Amino acid sequence: MTDDLRPDEEATDRMDGGPYPGTPPDQTDWDDSLPIQSPWRIAWRRFRRHRLAFGGLIFVLVLVAIALLAPILAPQDPNVVDVSASRNPPSAEHLLGTDSAGRDVLSRLIYGSRVSLTVGVAAAISAAGVGTLLGLLAGVAGGWIDAVIMRLVDVFLSFPSLMLILLLVAVLGPSVATIVVVIAFFEWPTACRIVRQMALSIKEQDFVLAARATGSSRWRIMRKHVMPGVLSPLTVVATLLSAGAILLEAALSFLGLGVKQPQASWGGMLEEAQSLTILKEMPWLWIPPGAIIALTVLAINFMGDGLRDALDPRQQM
Amino acid sequence: MDPQTTPTGEPLLSVRNLSTTFATETGLVQAVRNVSWELYPGEILGVVGESGSGKSVTMASIMGVVPKPAGKVSGDAVMFEGRDLLTLPPREMRKLRGREITMIFQDPMTAFNPVKTIGHQISEAIRVHDRHVSRKAARARSIELLASVGVPSPEARYAQFPHEYSGGMRQRAMIAMAIANGPKLIIADEPTTALDVTIQAQVLDVLKLIQAETGAATILITHDLGLISEMSDRVLVMYAGKVVESSDVFSVFGNPQHPYTLGLLASLPRIDTKLDSLLSIPGQPPSLTSPPPGCAFHPRCELSRGRSECWTAEPPLVQIAGPTEHTTACHFFTEMETEAGRVSIKLGVDVRSKGES
């Protein structure tokens, strides 16, 4: 059998310097040329095959590019008021028309992406961060610490959060920072639950026992074994959280509690649609922001679904 | 391997009256009940018994990795090189684990973290105990270790994940990890149960060689009697959380002094003769929440024949007169000679292995 030769040869030349030269080599065949199948690489391959998710990712990436390049891309200053050109329909000069104050809708749409994306990313990261910290603590420490944190989660999840968010924003005064903090404050329990769940299941795995038998401390096991295992479900949760945060920000701005005027935001642009005449006769004022919000949230949710499938170890593709 | 029939010198590990219990919803499970035994430097001690006989829990108790708070370990002492592992502070115990006492787990698939490379995990085992070892040095040492247990192309294999290894290779990597810090004691918990037979033989060869090279005392937990006879110097037979017989490997196989050991031997398939049927031990292992009174084996024992001593008095572990250290926990071990003869006639072949083993 020629197959058997290769490992033997390799074994002999490597065995020379080894401390235990007599050990017989493993006879398994193995193709050297294959790349290493790291879990993240496998996940990425699966994700790429998920068309909707990959499309969502591209959409979001384009949006990020637009937000970053807003000053270059926007045809006009989004905040320049021109009373003479109020509520003009789309024309060559204003591709998506102008709003009640005569500002260019397209430019405001482009600048508005900055607010939505910032809120989406920042709120999701803060919520996921707080949730992870408390979730790990609850899952790893257990006992009364676990009980206290989980009851807190139950309390938060049983509150009508939108009402409280409105109240808090009204008290603290509307700004991007306030919105991020407030959303994170109410959205961490979802992440916390998932992280705790994962931590509890990882804690019972054999490799954690093996790590203990190797002399690793609890803290080290949490850092080296529990945390990496928690990461993949957390990615999914954070993605979905950011979609939720973008929606919440839009809702707050629509109610006039979002970012302060004149700063452009998608929800703020929808505020105009509160008037019936605009709703009925001037669709250029509310269809573009409404559509972009819906599309963004949809794209992020598709990404979340794709990530969930890609990171699920039970799914073999 | 030279059979060390009479161990000499100070024991490396001395377990004295160790008991481990687990609080469960159905009551207190007495997984290990008052066991005492010794392990001498450089020897291989085989521990046999059915599932649930307390083999693994005993080892977990020694390592201090019994799940808390359900599990509770008590006993007089577990002396390891002059230190009592039962009273050692957690920090000291942690230093000991993975450096002086290491463990090889049954299923190398689950004992490795699936999202980390094998090499990373072996390096980690080194760096946990010595922070001064650089990543690079740990890597070099890990590759050397992988090579020493016969993993082909160790440099490339270093960066691979557990799922890219074959079962036998994973167990080799597990052995590499166990010897990474030059342990004095290796506990191998059914190291070949998860492997198929041909790979088992390879891994055992590796284990044997490594043991011979490092001179580390090894505890081999298994329910495979063939493995025990092949590998170990001394044998400990456990039943229902207790040691029922212990001796050197030749005495246990050639002259079993406990009906349970005899039952295990009689239930083995044999290669030398054609058997019509195998003898099985009747009944089931006892519940450890309420172990049978007296001798835990009496409900299944053929030797007992309903004698009242068996269910009223617990047989102590006694030394049998003879040239070797041989202990048994049976009231009627003096009848074992005739009992073994009876079973052999029933089976048509002598269950006791005589002469060379």
# chains A, B, ... in the order shown; residues from 1 in each chain; ligands from 1
>>> select_by_dssp(residues="stretch 213-325 of chain B", states="strand (DSSP E)", output="ChimeraX atom specification")
/B:217-222,234-239,242-248,318-319
>>> write_last_selection(atoms="C-alpha atoms", output="PDB file, in the first residue's frame")
ATOM      1  CA  ALA B 217       2.574   6.177  37.413  1.00  0.00           C
ATOM      2  CA  THR B 218      -0.609   5.481  35.516  1.00  0.00           C
ATOM      3  CA  ILE B 219      -4.111   4.657  36.606  1.00  0.00           C
ATOM      4  CA  LEU B 220      -6.003   2.941  33.839  1.00  0.00           C
ATOM      5  CA  ILE B 221      -9.743   2.948  34.273  1.00  0.00           C
ATOM      6  CA  THR B 222     -11.570   0.527  32.046  1.00  0.00           C
ATOM      7  CA  ARG B 234      -1.769  -4.293  39.563  1.00  0.00           C
ATOM      8  CA  VAL B 235      -5.545  -4.461  39.460  1.00  0.00           C
ATOM      9  CA  LEU B 236      -8.283  -2.937  41.562  1.00  0.00           C
ATOM     10  CA  VAL B 237     -11.746  -4.421  41.114  1.00  0.00           C
ATOM     11  CA  MET B 238     -14.560  -2.080  42.106  1.00  0.00           C
ATOM     12  CA  TYR B 239     -18.180  -2.873  42.685  1.00  0.00           C
ATOM     13  CA  LYS B 242     -16.200  -0.224  46.866  1.00  0.00           C
ATOM     14  CA  VAL B 243     -12.969  -2.048  46.219  1.00  0.00           C
ATOM     15  CA  VAL B 244     -13.828  -5.748  46.287  1.00  0.00           C
ATOM     16  CA  GLU B 245     -10.529  -7.221  45.220  1.00  0.00           C
ATOM     17  CA  SER B 246      -7.027  -5.998  44.577  1.00  0.00           C
ATOM     18  CA  SER B 247      -3.812  -7.687  43.672  1.00  0.00           C
ATOM     19  CA  ASP B 248      -1.146  -7.954  41.036  1.00  0.00           C
ATOM     20  CA  VAL B 318      -8.868  -8.825  54.013  1.00  0.00           C
ATOM     21  CA  GLN B 319      -5.376  -9.895  53.091  1.00  0.00           C
TER      22      GLN B 319
END
>>> interface_residues(of="chain B", to="chain A", cutoff="7 Å", atoms="only C-alpha atoms", output="NGL selection string")
:B and (94-95 or 97-98 or 102-103 or 110-113 or 115 or 125 or 128 or 144 or 147-153 or 160-161 or 169 or 206 or 209 or 213)
>>> residues_around(residues="A:Pro174", least_positions_apart="2", cutoff="9 Å", atoms="only C-alpha atoms", output="PyMOL selection string")
chain A and resi 169-172+176-179+256-260
>>> residues_around(residues="stretch 132-142 of chain A", least_positions_apart="4", cutoff="6 Å", atoms="only C-alpha atoms", output="list in words")
Ala128, Asp146, Cys192, Val195, Arg196, Ala199 and Leu200 of chain A
>>> write_last_selection(atoms="N, CA and C atoms", output="short mmCIF file (atom, residue, chain, number, x, y, z; two decimals), in the first residue's frame")
data_model
loop_
_atom_site.label_atom_id
_atom_site.label_comp_id
_atom_site.auth_asym_id
_atom_site.auth_seq_id
_atom_site.Cartn_x
_atom_site.Cartn_y
_atom_site.Cartn_z
N ALA A 128 -25.54 44.36 23.67
CA ALA A 128 -24.92 43.03 23.66
C ALA A 128 -23.81 42.97 24.71
N ASP A 146 -27.06 34.47 39.90
CA ASP A 146 -27.86 34.07 38.75
C ASP A 146 -29.33 34.45 38.96
N CYS A 192 -28.62 38.91 27.28
CA CYS A 192 -28.28 38.30 28.57
C CYS A 192 -28.80 36.88 28.66
N VAL A 195 -26.83 34.53 26.29
CA VAL A 195 -25.46 34.28 26.77
C VAL A 195 -25.48 33.34 27.97
N ARG A 196 -26.42 33.56 28.88
CA ARG A 196 -26.50 32.70 30.06
C ARG A 196 -26.77 31.26 29.64
N ALA A 199 -23.70 29.82 28.20
CA ALA A 199 -22.68 29.60 29.24
C ALA A 199 -23.01 28.35 30.05
N LEU A 200 -24.31 28.19 30.37
CA LEU A 200 -24.72 27.03 31.15
C LEU A 200 -24.44 25.74 30.40
#
>>> select_by_dssp(residues="stretch 257-299 of chain A", states="helix (DSSP H, G or I)", output="ChimeraX atom specification")
/A:266-274,276-281,283-285,287-299
>>> residues_around(residues="A:His50", least_positions_apart="4", cutoff="12 Å", atoms="only C-alpha atoms", output="list in words")
Ala43, Trp44, Arg45, Arg46, Phe54, Gly55, Gly56, Leu57, Phe302, Met303, Gly304, Asp305, Gly306, Leu307, Arg308, Asp309, Ala310 and Met317 of chain A
>>> atom_distance(atom1="atom CA of A:Leu109", atom2="atom CA of A:Pro289")
6.6 Å
>>> closest_residue(among="A:Val105, A:Val130, A:Ala273, A:Met222", to="A:Pro288", atoms="only C-alpha atoms")
A:Val105
